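Peer 1: Just data_9.cif, nothing more (mmCIF, C-alpha atoms):
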```
data_model
loop_
_atom_site.label_atom_id
_atom_site.label_comp_id
_atom_site.auth_asym_id
_atom_site.auth_seq_id
_atom_site.Cartn_x
_atom_site.Cartn_y
_atom_site.Cartn_z
CA MET Q 1 -26.65 -1.79 17.32
CA LYS Q 2 -25.77 -5.12 18.93
CA VAL Q 3 -22.14 -5.09 17.85
CA GLU Q 4 -21.36 -8.12 20.03
CA LYS Q 5 -23.16 -10.18 17.37
CA LEU Q 6 -20.56 -9.27 14.75
CA LYS Q 7 -18.24 -12.06 13.64
CA ALA Q 8 -15.49 -12.18 11.03
CA GLY Q 9 -16.69 -14.00 7.93
CA GLN Q 10 -20.36 -13.09 8.28
CA THR Q 11 -22.20 -12.33 5.04
CA PHE Q 12 -25.52 -10.45 5.04
CA LYS Q 13 -27.53 -10.64 1.84
CA ASN Q 14 -28.47 -6.97 2.14
CA TYR Q 15 -28.69 -3.94 4.44
CA LYS Q 16 -32.07 -5.08 5.81
CA ALA Q 17 -30.62 -8.42 6.92
CA LEU Q 18 -27.77 -6.59 8.67
CA CYS Q 19 -30.23 -4.40 10.56
CA GLU Q 20 -32.24 -7.42 11.64
CA GLU Q 21 -29.19 -9.27 12.95
CA LEU Q 22 -27.81 -6.26 14.85
CA GLU Q 23 -31.28 -5.21 16.03
CA MET Q 24 -31.02 -1.70 14.65
CA GLU Q 25 -33.53 0.49 12.85
CA GLU Q 26 -33.39 0.68 9.07
CA LYS Q 27 -32.41 4.16 7.95
CA LYS Q 28 -32.45 6.05 4.66
CA ALA Q 29 -30.21 8.50 2.85
CA ASN Q 30 -27.80 10.40 5.14
CA SER Q 31 -29.04 8.63 8.27
CA LYS Q 32 -28.14 5.29 6.69
CA LYS Q 33 -24.67 6.59 5.77
CA ALA Q 34 -24.14 7.76 9.35
CA GLN Q 35 -25.25 4.38 10.66
CA LEU Q 36 -22.81 2.51 8.37
CA SER Q 37 -20.07 4.95 9.35
CA GLU Q 38 -20.73 3.99 12.96
CA LEU Q 39 -20.53 0.32 11.98
CA SER Q 40 -17.05 0.90 10.49
CA CYS Q 41 -15.83 1.84 13.98
CA PHE Q 42 -16.44 -1.74 15.10
CA CYS Q 43 -15.47 -3.81 12.07
CA ASN Q 44 -13.94 -3.83 8.61
CA TYR Q 45 -16.53 -4.68 5.97
CA SER Q 46 -17.07 -4.43 2.24
CA ASN Q 47 -20.04 -4.37 -0.14
CA VAL Q 48 -20.34 -6.85 -2.99
CA GLY Q 49 -23.50 -5.85 -4.80
CA HIS Q 50 -26.18 -5.71 -2.09
CA GLN Q 51 -24.23 -8.09 0.14
CA ILE Q 52 -22.37 -6.81 3.20
CA ILE Q 53 -19.35 -8.91 4.18
CA ILE Q 54 -17.72 -8.62 7.62
CA HIS Q 55 -13.97 -9.19 7.27
CA LYS Q 56 -12.59 -8.25 10.66
CA VAL Q 57 -14.12 -7.32 14.03
CA PHE Q 58 -12.06 -4.85 16.08
CA LYS Q 59 -11.23 -5.53 19.72
CA SER Q 60 -12.23 -2.00 20.64
CA LYS Q 61 -14.15 0.83 18.99
CA ARG Q 62 -12.10 2.93 16.58
CA GLU Q 63 -12.34 6.60 15.71
CA LYS Q 64 -15.16 7.45 13.31
CA VAL Q 65 -14.16 8.93 9.97
CA ASP Q 66 -15.96 12.18 9.25
CA ASN Q 67 -17.14 11.95 5.65
CA ARG Q 68 -18.70 15.38 5.54
CA GLY Q 69 -17.49 17.50 2.65
CA LYS Q 70 -16.75 14.59 0.34
CA SER Q 71 -19.71 15.45 -1.84
CA ALA Q 72 -17.90 18.61 -2.82
CA GLY Q 73 -15.42 16.30 -4.52
CA SER Q 74 -12.56 14.18 -3.36
CA ARG Q 75 -10.30 17.23 -3.16
CA ASN Q 76 -11.02 17.77 0.54
CA ASN Q 77 -10.29 14.14 1.34
CA ASN Q 78 -7.16 14.21 -0.80
CA THR Q 79 -5.97 17.36 0.97
CA VAL Q 80 -6.33 15.68 4.35
CA TYR Q 81 -4.58 12.59 2.97
CA SER Q 82 -1.71 14.72 1.65
CA ASN Q 83 -1.41 16.66 4.91
CA ILE Q 84 -1.20 13.44 6.95
CA ILE Q 85 1.55 12.07 4.70
CA GLN Q 86 3.48 15.34 4.97
CA LEU Q 87 2.99 15.31 8.74
CA MET Q 88 4.30 11.76 9.10
CA ILE Q 89 7.29 12.49 6.87
CA THR Q 90 8.16 15.69 8.72
CA ASP Q 91 7.75 13.86 12.03
CA LEU Q 92 10.21 11.22 10.85
CA LEU Q 93 12.67 13.76 9.45
CA ALA Q 94 12.53 15.90 12.59
CA GLN Q 95 14.08 12.94 14.43
CA CYS Q 96 17.05 12.81 12.03
CA ASN Q 97 20.28 14.70 12.38
CA GLY Q 98 20.10 16.82 9.24
CA HIS Q 99 20.26 14.05 6.64
CA ILE Q 100 18.65 10.74 5.71
CA SER Q 101 18.80 8.28 2.81
CA ILE Q 102 15.81 5.96 2.72
CA SER Q 103 14.14 3.70 0.17
CA ARG Q 104 10.50 4.32 -0.73
CA SER Q 105 9.41 0.95 0.63
CA ARG Q 106 11.13 1.65 3.94
CA LEU Q 107 9.67 5.18 4.11
CA GLN Q 108 6.09 4.07 3.43
CA LEU Q 109 6.50 1.38 6.10
CA MET Q 110 7.85 3.79 8.73
CA ILE Q 111 5.09 6.37 8.27
CA GLY Q 112 2.33 3.74 8.38
CA MET Q 113 1.19 3.51 4.75
CA THR Q 114 1.81 -0.25 4.73
CA ASN Q 115 2.81 -3.04 7.08
CA LYS Q 116 5.95 -5.12 6.63
CA ASN Q 117 4.05 -7.89 4.84
CA TYR Q 118 3.51 -5.59 1.85
CA ASN Q 119 7.24 -5.04 1.33
CA GLU Q 120 8.32 -8.59 2.07
CA LEU Q 121 5.81 -10.32 -0.20
CA GLY Q 122 6.16 -8.19 -3.32
CA ASP Q 123 8.50 -10.79 -4.79
CA TYR Q 124 6.44 -13.78 -3.62
CA LEU Q 125 3.17 -13.23 -5.44
CA ARG Q 126 2.87 -16.78 -6.71
CA LYS Q 127 3.17 -18.16 -3.18
CA LEU Q 128 0.84 -15.45 -1.89
CA SER Q 129 -1.72 -16.53 -4.48
CA ASP Q 130 -1.39 -20.17 -3.44
CA CYS Q 131 -1.78 -19.30 0.24
CA THR Q 132 -4.75 -16.96 -0.03
CA LEU Q 133 -6.39 -18.56 -3.09
CA ILE Q 134 -6.58 -15.07 -4.60
CA PRO Q 135 -6.01 -15.14 -8.40
CA ILE Q 136 -2.48 -14.12 -9.35
CA HIS Q 137 -3.70 -11.38 -11.71
CA VAL Q 138 -5.58 -9.72 -8.84
CA LEU Q 139 -2.26 -9.63 -6.96
CA TYR Q 140 -0.49 -8.11 -9.97
CA ASP Q 141 -3.24 -5.48 -10.14
CA PHE Q 142 -3.02 -4.77 -6.38
CA TYR Q 143 0.76 -4.23 -6.38
CA ASN Q 144 0.95 -2.39 -9.70
CA THR Q 145 -1.73 0.16 -8.84
CA ASN Q 146 -0.66 0.69 -5.23
CA ASN Q 147 3.07 0.93 -5.95
CA GLY Q 148 2.30 3.69 -8.43
CA ASN Q 149 -0.10 5.46 -6.06
CA PHE Q 150 2.30 5.28 -3.11
CA LYS Q 151 5.17 6.64 -5.22
CA ARG Q 152 3.07 9.60 -6.42
CA ARG Q 153 1.79 10.39 -2.92
CA ILE Q 154 5.21 10.29 -1.28
CA GLU Q 155 6.98 12.29 -3.97
CA SER Q 156 4.17 14.84 -3.97
CA ALA Q 157 4.68 15.28 -0.22
CA LEU Q 158 8.47 15.56 -0.63
CA ASN Q 159 8.04 18.09 -3.43
CA SER Q 160 5.72 20.16 -1.26
CA LEU Q 161 8.24 20.19 1.58
CA GLN Q 162 11.01 21.04 -0.86
CA ASN Q 163 8.98 23.96 -2.26
CA LYS Q 164 8.76 25.32 1.30
CA ALA Q 165 12.58 25.10 1.61
CA THR Q 166 12.08 22.66 4.48
CA ILE Q 167 14.07 19.94 2.73
CA ILE Q 168 16.08 19.31 -0.42
CA TYR Q 169 15.93 15.81 -1.83
CA THR Q 170 17.23 13.82 -4.78
CA ILE Q 171 16.71 10.23 -5.90
CA VAL Q 172 19.96 8.29 -5.70
CA HIS Q 173 21.20 4.73 -6.02
CA LYS Q 174 22.61 3.13 -2.88
CA VAL Q 175 25.05 0.22 -3.11
CA LYS Q 176 26.48 -2.24 -0.63
CA ASP Q 177 29.96 -3.55 -1.32
CA LYS Q 178 30.77 -7.20 -0.65
CA ASP Q 179 33.45 -6.27 1.89
CA SER Q 180 31.36 -3.66 3.76
CA SER Q 181 28.63 -3.83 6.39
CA THR Q 182 27.06 -0.49 5.36
CA THR Q 183 25.65 1.05 2.20
CA ARG Q 184 26.93 4.10 0.34
CA THR Q 185 25.74 6.38 -2.44
CA ALA Q 186 26.71 5.00 -5.83
CA ASP Q 187 29.43 6.94 -7.68
CA GLU Q 188 29.66 7.46 -11.44
CA LEU Q 189 31.54 4.21 -12.05
CA ASP Q 190 28.98 2.24 -10.00
CA LEU Q 191 26.14 3.73 -12.03
CA GLU Q 192 27.84 2.87 -15.32
CA ILE Q 193 28.24 -0.78 -14.24
CA ILE Q 194 24.62 -0.97 -13.01
CA MET Q 195 23.31 0.48 -16.28
CA GLU Q 196 25.52 -1.85 -18.31
CA CYS Q 197 24.08 -4.88 -16.51
CA GLN Q 198 20.50 -3.64 -16.79
CA ARG Q 199 20.89 -2.94 -20.52
CA ALA Q 200 22.43 -6.36 -21.13
CA ILE Q 201 19.48 -8.19 -19.52
CA LEU Q 202 16.95 -5.96 -21.28
CA ASP Q 203 18.54 -6.83 -24.62
CA GLU Q 204 18.65 -10.52 -23.69
CA TRP Q 205 14.92 -10.44 -22.90
CA ASN Q 206 14.04 -8.26 -25.91
CA TYR Q 207 12.65 -5.35 -23.87
CA SER Q 208 13.40 -1.71 -24.71
CA GLU Q 209 12.45 -0.36 -21.24
CA MET Q 210 12.34 -1.79 -17.72
CA LYS Q 211 8.76 -0.60 -17.23
CA ASP Q 212 7.72 -3.04 -19.98
CA ILE Q 213 8.80 -6.05 -17.90
CA PRO Q 214 5.72 -7.81 -16.43
CA LEU Q 215 5.45 -7.65 -12.66
CA LYS Q 216 5.74 -11.43 -12.40
CA ASP Q 217 9.20 -11.30 -14.07
CA ARG Q 218 10.71 -8.32 -12.23
CA LYS Q 219 12.14 -10.37 -9.38
CA LYS Q 220 13.89 -12.60 -11.92
CA PHE Q 221 15.14 -9.50 -13.79
CA ARG Q 222 16.63 -8.00 -10.63
CA ARG Q 223 18.25 -11.32 -9.75
CA LYS Q 224 19.89 -11.63 -13.18
CA VAL Q 225 21.14 -8.03 -13.00
CA GLN Q 226 22.45 -8.76 -9.51
CA ASP Q 227 24.25 -11.91 -10.65
CA MET Q 228 25.96 -10.01 -13.45
CA LEU Q 229 26.91 -7.20 -11.06
CA ASN Q 230 28.47 -9.71 -8.68
CA GLU Q 231 30.61 -11.05 -11.54
CA LEU Q 232 31.71 -7.65 -12.85
CA SER Q 233 32.10 -5.63 -9.66
CA ASN Q 234 32.41 -5.58 -5.88
CA ILE Q 235 28.74 -4.57 -5.51
CA GLU Q 236 26.66 -7.01 -3.45
CA TYR Q 237 23.33 -5.26 -4.11
CA TYR Q 238 21.83 -1.84 -4.95
CA TYR Q 239 18.53 0.03 -4.58
CA LYS Q 240 16.97 3.44 -5.16
CA ALA Q 241 16.58 5.84 -2.24
CA TYR Q 242 15.45 9.36 -1.40
CA ASP Q 243 18.49 11.32 -0.27
CA ILE Q 244 17.07 14.08 1.93
CA THR Q 245 18.85 17.05 3.46
CA ILE Q 246 16.81 18.57 6.28
CA ASN Q 247 16.49 22.18 7.37
CA LYS Q 248 16.56 21.47 11.11
CA LYS Q 249 15.50 25.01 11.94
CA TYR Q 250 12.25 24.78 9.98
CA ILE Q 251 11.40 21.07 9.80
CA GLU Q 252 9.91 21.11 13.31
CA GLN Q 253 8.02 24.34 12.59
CA GLU Q 254 6.51 22.73 9.50
CA ARG Q 255 5.59 19.62 11.48
CA ASN Q 256 3.80 21.75 14.08
CA LYS Q 257 1.84 23.60 11.38
CA LEU Q 258 0.72 20.32 9.84
CA GLN Q 259 -0.29 18.95 13.23
CA ASP Q 260 -2.65 21.89 13.65
CA LEU Q 261 -4.17 21.10 10.26
CA VAL Q 262 -4.59 17.37 10.83
CA LEU Q 263 -5.33 16.71 14.50
CA GLU Q 264 -6.00 18.57 17.70
CA GLU Q 265 -3.95 16.05 19.71
CA VAL Q 266 -0.32 15.26 18.95
CA ASP Q 267 0.00 11.52 18.92
CA ARG Q 268 2.38 9.83 16.47
CA ASN Q 269 0.69 6.45 16.76
CA LYS Q 270 -2.77 7.91 16.14
CA ASN Q 271 -1.41 9.75 13.11
CA LYS Q 272 0.06 6.52 11.77
CA TYR Q 273 -3.24 4.68 12.20
CA LYS Q 274 -5.12 7.61 10.66
CA LEU Q 275 -2.89 7.52 7.58
CA ASN Q 276 -3.12 3.72 7.39
CA LYS Q 277 -6.92 3.83 7.53
CA THR Q 278 -7.01 6.47 4.80
CA VAL Q 279 -4.70 4.37 2.62
CA LYS Q 280 -7.04 1.37 2.97
CA GLU Q 281 -10.07 3.50 2.13
CA GLN Q 282 -8.31 4.87 -0.95
CA ILE Q 283 -7.36 1.34 -2.04
CA MET Q 284 -10.97 0.15 -1.78
CA ASN Q 285 -12.38 3.27 -3.47
CA ASN Q 286 -9.92 2.94 -6.35
CA ALA Q 287 -10.61 -0.78 -6.72
CA THR Q 288 -14.36 -0.11 -6.89
CA LYS Q 289 -13.81 2.54 -9.57
CA ARG Q 290 -11.58 0.18 -11.59
CA GLN Q 291 -14.20 -2.55 -11.47
CA GLN Q 292 -17.04 -0.18 -12.39
CA LEU Q 293 -15.02 1.09 -15.35
CA GLU Q 294 -14.57 -2.46 -16.67
CA LEU Q 295 -18.19 -3.45 -16.09
CA GLU Q 296 -19.48 -0.32 -17.83
CA LYS Q 297 -17.74 -1.45 -21.01
CA GLY Q 298 -20.29 -4.26 -21.34
CA GLU Q 299 -19.79 -7.46 -23.28
CA TRP Q 300 -18.15 -5.68 -26.22
CA GLY Q 301 -15.47 -4.24 -23.97
CA LYS Q 302 -14.25 -7.46 -22.38
CA ALA Q 303 -10.49 -7.23 -22.27
CA LYS Q 304 -8.05 -9.89 -23.41
CA ASN Q 305 -5.69 -8.63 -20.70
CA LYS Q 306 -6.07 -11.04 -17.77
CA THR Q 307 -5.62 -8.32 -15.17
CA LEU Q 308 -8.49 -6.30 -16.63
CA GLU Q 309 -10.59 -9.47 -16.85
CA ALA Q 310 -9.92 -10.11 -13.15
CA ARG Q 311 -11.52 -6.75 -12.30
CA ARG Q 312 -14.84 -8.02 -13.63
CA SER Q 313 -14.94 -10.92 -11.18
CA ASP Q 314 -17.62 -11.03 -8.46
CA THR Q 315 -14.84 -11.69 -5.90
CA TYR Q 316 -12.55 -8.85 -7.03
CA ILE Q 317 -13.54 -6.32 -4.33
CA LYS Q 318 -13.52 -9.00 -1.64
CA ASN Q 319 -10.02 -10.09 -2.75
CA ILE Q 320 -8.68 -6.52 -2.72
CA ASN Q 321 -10.11 -5.98 0.75
CA GLU Q 322 -8.45 -9.17 2.01
CA LEU Q 323 -5.11 -8.02 0.60
CA ALA Q 324 -5.50 -4.61 2.25
CA LEU Q 325 -6.12 -6.31 5.61
CA LYS Q 326 -3.10 -8.59 5.27
CA LEU Q 327 -0.60 -6.27 3.54
CA ILE Q 328 -1.61 -2.74 4.59
CA ASP Q 329 -3.46 -2.91 7.94
CA LEU Q 330 -1.15 -2.13 10.87
CA ASP Q 331 -2.87 -4.78 13.00
CA ALA Q 332 -2.26 -7.58 10.49
CA ASP Q 333 -0.64 -10.85 11.52
CA LYS Q 334 3.08 -10.05 11.81
CA ASN Q 335 4.00 -13.63 10.94
CA PHE Q 336 1.99 -13.68 7.71
CA ALA Q 337 4.93 -12.92 5.39
CA TYR Q 338 7.07 -15.58 7.07
CA ASN Q 339 4.27 -18.13 6.70
CA VAL Q 340 3.81 -17.33 3.02
CA LYS Q 341 7.52 -17.60 2.25
CA ASN Q 342 7.61 -20.97 3.99
CA PHE Q 343 4.35 -22.13 2.47
CA SER Q 344 3.55 -25.78 2.02
CA LEU Q 345 0.25 -27.46 1.24
CA GLU Q 346 0.23 -28.96 4.72
CA GLY Q 347 0.43 -25.49 6.27
CA LEU Q 348 -2.31 -23.93 4.16
CA GLU Q 349 -4.99 -24.29 6.82
CA ASP Q 350 -2.89 -22.48 9.45
CA ILE Q 351 -2.06 -19.60 7.12
CA LEU Q 352 -5.67 -18.97 6.16
CA ALA Q 353 -6.93 -19.17 9.75
#
```
Let me see the file written as structure tokens.
Peer 2:
Amino acid sequence: MKVEKLKAGQTFKNYKALCEELEMEEKKANSKKAQLSELSCFCNYSNVGHQIIIHKVFKSKREKVDNRGKSAGSRNNNTVYSNIIQLMITDLLAQCNGHISISRSRLQLMIGMTNKNYNELGDYLRKLSDCTLIPIHVLYDFYNTNNGNFKRRIESALNSLQNKATIIYTIVHKVKDKDSSTTRTADELDLEIIMECQRAILDEWNYSEMKDIPLKDRKKFRRKVQDMLNELSNIEYYYKAYDITINKKYIEQERNKLQDLVLEEVDRNKNKYKLNKTVKEQIMNNATKRQQLELEKGEWGKAKNKTLEARRSDTYIKNINELALKLIDLDADKNFAYNVKNFSLEGLEDILA
């Protein structure tokens, strides 16, 4: 295939048009799948109906993903996914001196599940929508589904390591006092004050549980809880973290076992990119399934919920792919979050470039 003809933003009306442009033979069945797998080594693309959209062209060829075995179910793929996450976590923990306290967002960033834009822009979805022109309800859907998936994946990996007596972990609250430069684990009194503030704002907003608060209002909720905490205590801010005690004798043994399962070569950066690529594939697969589920409902099943309505849009998959490239991909523009936070209409053209 004439990969030098690939350009970001290209749209081919169908597979035949792609073959004609890249001067490659049209294939069928498994041969076609292999050909498209080869194409994915040179660019990031998505399918919208019969259309093939090129989103990003890589500077150099990337490792081909072996899709063999997927027809036996997604279990094989999920096992590899789980093993990579465990490997990256054990690799991180093996570098620690017996103990670590780390937030989930920080952990998923350090092992390569996301880039820093994902964490930094979670509270700036309105600006992100304005900058990318992606509907706000698609952004809510993207963060809601992926936050839940990332949490389940990470805690599943931690539970697996704990079952092997490689680590022991608990979920704790960390607090930073106004007169301190470091954080500490919240004590019983801290927790009582935090819960008192959370309950007060829940009652004020007429919610019985925090999970009922819409994603668009959670930043405001946290800010109001924080303001009340500042008035009632010496706490500057707080967050949840995984408090992990490490079995130094066995953590490196477990890492070495996982390396044998995942890769022949030991390369932390390759592992990180492998995990990141798998995360993006899972995001796109899940988005496609969500859209298909909504479309299969037909006209009678059209939802009043705006997020579910957004999944029916012709641009939904394209939007999700764009978000994955900007918020998940390790090669994404490192200044993107800064540009979004400092967004102005005059700067829109630069941000979208």
Peer 1: Quick one: of Q:Ile134, Q:Ile246, Q:Met228, Q:Ile283, who's nearest to Q:Leu93, counting all atoms listed in the file?
Peer 2: Q:Ile246
Peer 1: Please list as a list in words every residue within 10 Å of stretch 178-193 of chain Q, counting all atoms listed in the file and excluding residues in the same chain fewer than 4 positions away.
Peer 2: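 In the requested format, the answer is Ser101, Val172, His173, Lys174, Cys197, Gln198, Arg199, Met228, Leu229, Asn230, Leu232, Ser233, Asn234, Ile235, Glu236, Tyr237, Tyr238, Tyr239, Lys240, Ala241 and Asp243 of chain Q.
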Peer 1: When the PyMOL selection byres ((chain Q and resi 83) around 9) is applied to the structure above, which residues does it catch, written out as an MDAnalysis selection string?
Peer 2: chainID Q and resid 78:82 84:88 157 258:259 261:262
Peer 1: Which distance in Å separates atom CA of Q:Leu327 and atom CA of Q:Gln108, to one decimal?
Peer 2: 12.3 Å
Peer 1: Leaving out Q:Glu254 and any residue of its chain fewer than 4 positions from it, which residues lie within 8 Å of it when counting all atoms listed in the file, given as a list of chain:residue names?
Peer 2: Q:Thr90, Q:Thr166, Q:Tyr250, Q:Leu258
Peer 1: One decimal, Å: what's the distance from atom CA of Q:Leu215 over to atom CA of Q:Gly122, could you say?
Peer 2: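 These two atoms are separated by 9.4 Å.
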Peer 1: Report as JSON, numbers by chain all protein, DNA and RNA residues lying within 12 Å of Q:Tyr316, evaluated on all atoms listed in the file, omitting residues in the same chain fewer than 2 positions from it.
Peer 2: {"Q": [46, 47, 48, 49, 134, 135, 136, 137, 138, 139, 141, 142, 284, 287, 288, 289, 290, 291, 292, 294, 295, 307, 308, 309, 310, 311, 312, 313, 314, 318, 319, 320, 321, 322, 323]}
Peer 1: Any idea what the distance is between atom CA of Q:Asn339 and atom CA of Q:Thr114?
Peer 2: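 Between atom CA of Q:Asn339 and atom CA of Q:Thr114 the gap works out to 18.2 Å.
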